[in-house]
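Next up, run-v2.txt (compact mmCIF, C-alpha atoms):
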```txt
# COMPACT_ATOMS: atom_id res chain seq x y z
CA MET C 13 285.27 5.79 74.13
CA PHE C 14 286.83 3.72 71.38
CA SER C 15 290.52 4.29 70.79
CA ILE C 16 291.84 4.23 67.25
CA PHE C 17 293.43 0.87 68.04
CA SER C 18 290.06 -0.55 69.12
CA VAL C 19 288.49 0.50 65.85
CA ILE C 20 291.34 -1.13 63.91
CA ALA C 21 290.99 -4.25 66.03
CA LEU C 22 287.27 -4.54 65.32
CA THR C 23 287.94 -4.12 61.61
CA ILE C 24 290.55 -6.86 61.70
CA LEU C 25 288.27 -9.29 63.50
CA SER C 26 285.12 -8.99 61.44
CA SER C 27 286.13 -10.00 57.95
CA LEU C 28 288.58 -9.43 55.14
CA THR C 29 287.75 -7.46 52.03
CA ALA C 30 288.69 -8.72 48.59
CA GLU C 31 291.22 -5.90 48.36
CA GLU C 32 292.84 -6.88 51.68
CA PHE C 33 292.96 -10.49 50.55
CA GLU C 34 294.75 -9.59 47.31
CA THR C 35 297.20 -7.24 49.02
CA LEU C 36 298.08 -9.62 51.85
CA HIS C 37 298.27 -12.73 49.68
CA GLN C 38 300.75 -10.95 47.45
CA GLN C 39 302.69 -9.48 50.39
CA LEU C 40 303.09 -12.90 52.00
CA GLN C 41 304.76 -14.56 49.01
CA PRO C 42 308.51 -14.92 49.64
CA ASP C 43 310.96 -12.89 47.61
CA ALA C 44 312.42 -15.29 45.03
CA GLY C 45 315.49 -13.07 44.86
CA GLU C 46 316.64 -13.71 48.43
CA VAL C 47 320.31 -14.68 48.30
CA TRP C 48 320.01 -17.83 50.43
CA ARG C 49 317.51 -19.19 47.92
CA SER C 50 320.24 -19.26 45.27
CA ILE C 51 321.98 -22.02 47.25
CA PRO C 52 320.98 -25.43 45.82
CA TRP C 53 319.84 -26.89 49.16
CA LYS C 54 319.05 -30.56 49.24
CA THR C 55 316.74 -31.93 51.92
CA SER C 56 317.88 -35.58 51.80
CA LEU C 57 321.20 -36.54 53.35
CA LEU C 58 321.53 -39.62 51.16
CA ASP C 59 320.88 -37.55 48.03
CA ALA C 60 323.59 -35.17 49.25
CA GLN C 61 325.98 -38.06 49.96
CA ALA C 62 325.41 -39.50 46.47
CA ALA C 63 325.94 -36.07 44.88
CA ALA C 64 329.12 -35.58 46.91
CA VAL C 65 330.48 -38.88 45.57
CA ARG C 66 329.48 -38.03 42.02
CA GLU C 67 330.83 -34.47 42.06
CA LYS C 68 333.80 -35.19 44.34
CA LYS C 69 332.75 -32.51 46.80
CA LEU C 70 332.35 -32.21 50.55
CA ILE C 71 328.97 -32.19 52.28
CA PHE C 72 327.77 -29.15 54.21
CA ILE C 73 325.00 -30.06 56.65
CA TRP C 74 322.81 -27.33 58.11
CA ALA C 75 321.06 -29.16 60.93
CA MET C 76 318.54 -27.39 63.13
CA ASP C 77 315.66 -28.02 65.52
CA GLY C 78 312.78 -27.49 63.14
CA HIS C 79 313.56 -27.40 59.46
CA PRO C 80 316.07 -24.69 58.44
CA LEU C 81 314.15 -24.01 55.25
CA GLY C 82 310.96 -23.70 57.27
CA CYS C 83 310.27 -22.14 60.61
CA THR C 84 313.68 -21.89 62.25
CA MET K 4 315.30 -17.15 59.51
CA LEU K 5 318.14 -15.25 61.11
CA ASP K 6 320.57 -17.68 59.49
CA ARG K 7 318.88 -17.38 56.12
CA ALA K 8 318.94 -13.59 56.17
CA SER K 9 322.42 -13.19 57.60
CA THR K 10 324.79 -16.18 57.51
CA PHE K 11 323.54 -17.59 54.23
CA SER K 12 323.25 -14.22 52.58
CA ASP K 13 326.97 -13.54 52.92
CA PRO K 14 328.42 -13.56 49.38
CA ALA K 15 331.64 -15.38 50.35
CA VAL K 16 329.74 -18.09 52.23
CA VAL K 17 327.29 -18.53 49.37
CA ASP K 18 330.01 -18.69 46.71
CA LEU K 19 332.01 -21.30 48.62
CA LEU K 20 328.92 -23.38 49.36
CA LYS K 21 327.92 -23.40 45.71
CA SER K 22 331.35 -24.19 44.34
CA LYS K 23 332.90 -26.64 46.80
CA PHE K 24 330.06 -28.27 48.75
CA ILE K 25 326.85 -30.19 48.42
CA PRO K 26 324.62 -28.21 50.81
CA VAL K 27 321.86 -30.05 52.64
CA ALA K 28 319.38 -28.67 55.18
CA ILE K 29 317.70 -30.95 57.71
CA ASP K 30 315.57 -30.94 60.83
CA GLN K 31 317.96 -33.06 62.88
CA ALA K 32 315.18 -34.08 65.28
CA TYR K 33 314.40 -36.71 62.65
CA GLN K 34 317.83 -37.91 61.51
CA ARG K 35 319.34 -38.25 64.96
CA ARG K 36 316.55 -40.71 65.79
CA GLN K 37 316.01 -42.50 62.48
CA LYS K 38 316.81 -46.20 62.40
CA ASP K 39 317.65 -46.39 58.71
CA ALA K 40 320.50 -45.65 56.31
CA GLU K 41 319.99 -41.88 56.38
CA GLY K 42 319.81 -41.83 60.16
CA HIS K 43 322.91 -43.99 60.55
CA PHE K 44 324.82 -41.76 58.14
CA TYR K 45 323.92 -38.63 60.08
CA GLN K 46 324.49 -40.21 63.49
CA LYS K 47 328.01 -41.33 62.50
CA ILE K 48 328.87 -37.78 61.48
CA ALA K 49 327.26 -36.09 64.49
CA ASN K 50 328.83 -38.52 66.95
CA GLN K 51 332.30 -37.40 65.86
CA GLY K 52 331.41 -33.89 67.01
CA PRO K 53 330.68 -32.20 70.32
CA ARG K 54 326.94 -33.03 70.30
CA PRO K 55 326.44 -36.81 70.42
CA THR K 56 323.06 -38.02 69.27
CA ASP K 57 322.21 -39.60 72.62
CA GLN K 58 322.47 -36.29 74.46
CA GLY K 59 319.75 -34.19 72.89
CA THR K 60 319.95 -31.76 70.04
CA THR K 61 322.74 -32.05 67.49
CA GLN K 62 321.91 -28.68 65.97
CA GLY K 63 324.76 -27.02 64.10
CA ARG K 64 326.69 -26.80 60.86
CA TYR K 65 328.78 -29.78 59.79
CA VAL K 66 331.41 -30.18 57.11
CA ALA K 67 331.93 -33.84 56.24
CA THR K 68 333.17 -36.15 53.53
CA ALA K 69 330.99 -38.57 51.59
CA ASP K 70 332.71 -41.44 53.43
CA VAL K 71 331.44 -40.15 56.78
CA LEU K 72 334.45 -38.27 58.14
CA LEU K 73 333.60 -35.13 60.10
CA LEU K 74 335.98 -32.32 59.14
CA GLY K 75 334.47 -29.53 61.19
CA PHE K 76 331.52 -28.31 63.23
CA ASN K 77 330.20 -25.11 64.69
CA ASN K 78 326.90 -23.77 65.90
CA ASN K 79 327.60 -20.12 65.29
CA ARG K 80 325.85 -17.94 62.75
CA ASP K 81 328.73 -15.48 62.35
CA PRO K 82 329.54 -15.62 58.61
CA ALA K 83 333.28 -15.15 59.28
CA ARG K 84 333.40 -18.18 61.57
CA LEU K 85 331.37 -20.27 59.17
CA LEU K 86 333.62 -19.26 56.32
CA LYS K 87 336.66 -20.33 58.32
CA LEU K 88 335.04 -23.70 59.05
CA MET K 89 334.38 -24.24 55.37
CA GLN K 90 337.81 -23.04 54.27
CA GLU K 91 339.47 -25.49 56.67
CA GLY K 92 337.28 -28.24 55.22
CA VAL K 93 338.17 -27.65 51.61
CA LYS K 94 341.86 -28.15 52.40
CA VAL K 95 340.97 -31.85 52.57
CA THR K 96 340.81 -33.70 49.29
CA PRO K 97 337.47 -35.54 49.04
CA SER K 98 337.76 -39.33 49.01
CA THR K 99 337.96 -40.93 45.60
CA THR K 100 336.86 -44.31 46.90
CA ALA K 101 333.57 -43.28 48.55
CA ALA K 102 330.46 -44.91 47.11
CA PRO K 103 326.82 -43.85 47.27
CA ILE K 104 325.00 -45.30 50.26
CA THR K 105 322.19 -47.70 49.44
CA PRO K 106 319.04 -46.15 50.94
CA GLY K 107 317.24 -49.32 52.05
CA PRO K 108 313.84 -49.15 53.74
CA PRO K 109 313.21 -45.83 55.51
CA ASP K 110 312.22 -45.65 59.17
CA PRO K 111 308.45 -45.13 58.86
CA LYS K 112 308.31 -43.34 62.19
CA TYR K 113 310.32 -40.43 60.84
CA VAL K 114 310.30 -40.62 57.05
CA TYR K 115 307.00 -39.80 55.44
CA GLY K 116 305.59 -37.84 52.56
CA PRO K 117 302.33 -36.05 51.92
CA PRO K 118 299.13 -38.11 51.65
CA LYS K 119 298.63 -39.74 48.24
CA GLY K 120 295.90 -37.99 46.32
CA GLY K 121 295.99 -35.10 48.77
CA LEU K 122 297.36 -31.58 48.49
CA VAL K 123 300.43 -29.71 49.72
CA VAL K 124 299.79 -26.07 50.55
CA ARG K 125 302.51 -23.53 51.30
CA VAL K 126 301.92 -21.50 54.44
CA ASN K 127 303.65 -18.16 55.00
CA SER K 128 303.20 -15.92 58.02
CA LEU K 129 304.14 -12.34 58.79
CA VAL K 130 303.79 -10.03 61.77
CA LEU K 131 302.29 -6.85 60.34
CA GLY K 132 303.16 -4.49 63.16
CA GLY K 133 303.53 -3.93 66.87
CA TYR K 134 307.28 -4.28 67.29
CA GLU K 135 309.24 -1.57 69.03
CA GLU K 136 311.58 0.22 66.66
CA THR K 137 315.11 -1.14 66.68
CA THR K 138 318.46 -0.44 65.06
CA ASP K 139 319.77 -3.89 66.03
CA PRO K 140 320.23 -5.76 62.70
CA SER K 141 319.47 -9.16 64.25
CA LYS K 142 316.27 -7.95 65.90
CA LYS K 143 315.26 -6.26 62.67
CA ILE K 144 315.64 -9.53 60.76
CA PHE K 145 313.36 -11.28 63.26
CA GLN K 146 310.83 -8.47 63.08
CA GLU K 147 310.64 -8.68 59.30
CA ALA K 148 310.95 -12.47 59.02
CA MET K 149 308.39 -14.54 57.18
CA GLY K 150 307.46 -17.92 58.65
CA ARG K 151 307.21 -20.94 56.34
CA ASP K 152 305.48 -24.29 56.71
CA ASN K 153 303.39 -26.72 54.66
CA LEU K 154 299.78 -27.75 55.19
CA TRP K 155 299.00 -31.31 54.15
CA ILE K 156 295.46 -32.10 53.00
CA ARG K 157 294.23 -35.72 52.91
CA LYS K 158 292.79 -37.34 49.78
CA ASP K 159 289.25 -37.47 51.20
CA GLU K 160 289.52 -33.81 52.18
CA HIS K 161 290.74 -32.96 48.68
CA VAL K 162 287.71 -34.77 47.23
CA ALA K 163 285.41 -32.86 49.59
CA LEU K 164 286.97 -29.51 48.67
CA ALA K 165 286.50 -30.34 45.00
CA LYS K 166 282.80 -30.89 45.76
CA GLY K 167 282.54 -27.51 47.46
CA GLU K 168 282.77 -28.70 51.06
CA VAL K 169 285.28 -27.84 53.81
CA PRO K 170 285.73 -30.89 56.05
CA GLU K 171 285.80 -30.30 59.80
CA SER K 172 289.07 -32.25 60.03
CA LEU K 173 290.75 -29.79 57.68
CA ILE K 174 289.47 -26.76 59.57
CA ILE K 175 290.77 -28.18 62.84
CA ARG K 176 294.19 -29.05 61.38
CA LEU K 177 294.49 -25.62 59.81
CA ALA K 178 293.56 -23.95 63.09
CA ARG K 179 295.67 -26.04 65.43
CA PHE K 180 298.87 -26.30 63.41
CA HIS K 181 298.89 -23.42 60.95
CA LEU K 182 297.30 -20.43 62.67
CA VAL K 183 300.49 -19.97 64.67
CA ASP K 184 303.18 -17.31 64.88
CA ASN K 185 306.22 -19.15 63.50
CA THR K 186 308.03 -16.01 62.38
CA ARG K 187 310.67 -16.22 65.13
CA GLY K 188 311.14 -19.99 65.42
CA GLU K 189 309.34 -23.17 66.40
CA PRO K 190 305.92 -22.13 67.70
CA PRO K 191 303.69 -23.82 70.25
CA MET K 192 300.72 -25.42 68.50
CA TRP K 193 297.14 -25.19 69.74
CA GLU K 194 295.36 -27.93 71.65
CA ALA K 195 291.98 -29.01 70.26
CA SER K 196 290.41 -27.71 73.47
CA GLU K 197 291.83 -24.25 72.75
CA ILE K 198 289.65 -23.79 69.67
CA MET K 199 286.92 -21.40 70.83
CA GLU K 200 285.35 -20.88 67.40
CA ASN K 201 286.05 -22.52 64.05
CA LYS K 202 283.88 -21.72 61.10
CA ILE K 203 285.00 -21.78 57.48
CA GLU K 204 282.46 -21.86 54.66
CA LEU K 205 282.94 -22.45 50.95
CA ASN K 206 280.32 -20.88 48.73
CA SER K 207 280.71 -20.71 44.95
CA GLY K 208 284.46 -21.07 45.27
CA LYS K 209 284.86 -18.41 47.95
CA LEU K 210 286.20 -19.31 51.38
CA SER K 211 285.29 -17.20 54.37
CA GLY K 212 285.18 -17.67 58.09
CA ASN K 213 286.39 -16.84 61.57
CA ILE K 214 288.54 -18.79 64.00
CA HIS K 215 289.26 -17.98 67.63
CA LEU K 216 292.03 -19.75 69.53
CA LYS K 217 292.89 -19.19 73.17
CA THR K 218 294.89 -20.96 75.87
CA PRO K 219 293.18 -21.56 79.24
CA SER K 220 295.37 -18.91 80.89
CA GLY K 221 294.84 -16.46 78.06
CA ASP K 222 298.57 -15.97 77.60
CA ARG K 223 298.19 -16.84 73.91
CA GLU K 224 295.23 -15.91 71.78
CA PHE K 225 294.47 -15.48 68.09
CA LYS K 226 291.22 -14.10 66.72
CA VAL K 227 291.31 -14.37 62.99
CA ALA K 228 289.18 -13.69 59.93
CA LEU K 229 289.74 -15.79 56.83
CA MET K 230 289.07 -15.25 53.15
CA GLY K 231 290.11 -17.21 50.12
CA PHE K 232 289.32 -18.93 46.87
CA VAL K 233 289.17 -22.53 45.69
CA GLU K 234 289.13 -23.50 42.03
CA VAL K 235 288.55 -27.00 40.69
CA ARG K 236 289.19 -28.55 37.30
CA GLY K 237 288.23 -32.11 36.49
CA GLY K 238 287.77 -32.99 40.15
CA VAL K 239 291.20 -31.64 41.10
CA VAL K 240 291.73 -28.54 43.23
CA THR K 241 293.87 -26.20 41.12
CA ARG K 242 293.71 -23.17 43.40
CA PHE K 243 293.70 -22.95 47.17
CA ASP K 244 294.45 -19.36 48.05
CA LEU K 245 293.60 -18.29 51.56
CA VAL K 246 294.51 -15.41 53.86
CA ALA K 247 294.02 -15.40 57.62
CA LYS K 248 294.46 -12.12 59.43
CA GLY K 249 293.82 -11.18 63.00
CA LEU K 250 295.17 -10.13 66.35
CA PHE K 251 297.65 -12.48 68.02
CA ARG K 252 298.90 -12.33 71.57
CA GLY K 253 301.77 -14.18 73.22
CA ASP K 254 304.77 -16.28 72.27
CA GLY K 255 306.35 -19.62 73.15
CA PRO K 256 309.60 -21.08 74.51
CA TYR K 257 311.26 -20.83 71.09
CA THR K 258 309.45 -17.78 69.72
CA GLY K 259 310.32 -15.17 72.31
CA GLY K 260 310.45 -11.49 71.51
CA ALA K 261 306.91 -11.09 70.19
CA PRO K 262 305.41 -7.61 70.21
CA LYS K 263 303.81 -6.70 73.52
CA GLY K 264 300.06 -7.16 73.81
CA ASP K 265 297.88 -7.86 70.78
CA PHE K 266 299.57 -7.53 67.42
CA PRO K 267 298.42 -8.08 63.83
CA LEU K 268 299.50 -11.37 62.24
CA ALA K 269 298.67 -12.55 58.73
CA ILE K 270 299.04 -16.03 57.29
CA ALA K 271 298.74 -16.87 53.58
CA PHE K 272 298.13 -20.24 51.95
CA ARG K 273 298.85 -21.23 48.35
CA LEU K 274 299.14 -24.61 46.60
CA ALA K 275 302.76 -25.78 46.38
CA ASP K 276 304.25 -26.34 42.94
CA ASN K 277 307.31 -28.35 44.04
CA LEU K 278 309.68 -25.70 42.69
CA ASP K 279 310.77 -24.73 46.21
CA PRO K 280 312.86 -27.35 48.08
CA ALA K 281 310.83 -26.47 51.17
CA ASP K 282 307.68 -27.82 49.47
CA GLY K 283 308.86 -31.31 50.40
CA ILE K 284 309.25 -30.64 54.12
CA PRO K 285 306.70 -32.30 56.43
CA PRO K 286 304.53 -29.88 58.39
CA GLN K 287 306.06 -28.73 61.66
CA GLY K 288 302.94 -29.96 63.47
CA SER K 289 303.46 -33.51 62.16
CA ARG K 290 306.86 -33.99 63.82
CA GLY K 291 306.83 -37.40 65.41
CA TRP K 292 303.08 -37.97 65.11
CA LEU K 293 301.87 -37.86 61.52
CA ASP K 294 298.67 -39.72 62.43
CA GLY K 295 297.83 -37.11 65.03
CA TYR K 296 298.45 -34.30 62.56
CA LEU K 297 296.37 -35.87 59.80
CA LYS K 298 293.44 -37.15 61.84
```

Rendering of file as structure tokens:
Amino acid sequence: MFSIFSVIALTILSSLTAEEFETLHQQLQPDAGEVWRSIPWKTSLLDAQAAAVREKKLIFIWAMDGHPLGCT
Amino acid sequence: MLDRASTFSDPAVVDLLKSKFIPVAIDQAYQRRQKDAEGHFYQKIANQGPRPTDQGTTQGRYVATADVLLLGFNNNRDPARLLKLMQEGVKVTPSTTAAPITPGPPDPKYVYGPPKGGLVVRVNSLVLGGYEETTDPSKKIFQEAMGRDNLWIRKDEHVALAKGEVPESLIIRLARFHLVDNTRGEPPMWEASEIMENKIELNSGKLSGNIHLKTPSGDREFKVALMGFVEVRGGVVTRFDLVAKGLFRGDGPYTGGAPKGDFPLAIAFRLADNLDPADGIPPQGSRGWLDGYLK
């Protein structure tokens, strides 16, 4: 006997409907209002160094394994 | 993503970063190895801290001056501790004699951009369900986190797409490096031999297909259906919208905590517009072997 989960699984595996595509594509766009996005992150250290000289500021380096603005 | 949603969402941290610092985000796996001006700059800073570049990862948060003086370091995502690190830093008056560093030739092994004449496609991923309910704020952030990467498409593949064809090389790259669960960190990629099925067709601008990925042991598996749309104007692809959705199983050394058993995972693709700083980041799957990624 199929469980409810099995039926859902089969639906997922076969294909996507146009409605599912629209819903998911919209759902998977990041929220532009996320606070961390308001920080003017640079991705080049030398660009940051030049800006620090120009604006007489310190440099804050967020260094990770994998890119911090990506998958980590 | 935990840092983005917690540490760098703290109003005091954000305000101080914006007002007193030039913030820069890097994947230090590149800069600690680069043999060029950017690499040397980073290595001089990191080597003043507790994680020298010759001893593995230098991951952390650094406060430094433009003339390469490390003022502070920590590798803790507690906003209060980060704030303290930054507040200690701003007590130091930035050098007035520092000069911009001349870039010079970049180390081609680690510094590369997207293929000329190709395309950059944003890739976002989301686990749609399957997690156990939690009241732990950190776990909740992971459970709701959206993964982010970029897909690079070669010039010849771009030309083929514009003609209504989906090159095999693009299907394989998409499957191996972008049908992954990167919502909790750096994911394991798929080996070519782990592609059980890979079919994507493009008919009258509509993409559809199915891909099945599975490790030999079966500890990771992803069976996915794909649907999308490609639009072309004057020989240039102006729309590449794609959704992949299916059942994923398993995790990796840096993506622990996945839902148990099979769980629904969706991945969306959209052409980058260069308005997001992350649009310029090389694909995770290209780290250290661009040729292998693009082949």

(request) May I have the residues at most 10 Å from (320.9, -20.4, 46.0) in the file's coordinates, counting all atoms listed in the file, as a VMD selection string? (result) (chain C and resid 44 to 53) or (chain K and resid 11 to 12 17 to 18 20 to 21 26)

(message) Counting all atoms listed in the file, a student should be able to say which residues of chain K come within 6 Å of chain C; what is the right answer, written as an MDAnalysis selection string?
(response) chainID K and resid 4 7 11:12 23:31 41 62:69 97 103 150:152 185 188:189 227:228 249 271 281

(request) Work out how far CA of Ile270 (chain K) is from CA of Ser128 (chain K), in Å to one decimal. (result) 4.2 Å

(request) Counting all atoms listed in the file, write as an MDAnalysis selection string all protein and nucleic acid residues lying at most 7 Å from (302.6, -27.0, 45.6) in the file's frame. (result) chainID K and resid 123:125 274:277 282

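Here the question is which of K:Pro285, K:Val16, K:Thr138, K:Arg36 gets nearest to Met89 (chain K) using all atoms listed in the file, and that residue is K:Val16.
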
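Here CA of Val162 (chain K) and CA of Met230 (chain K) stand 20.4 Å from one another.
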
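Taking CA of Lys202 (chain K) as the reference point, CA of Val233 (chain K) is found at 16.3 Å.
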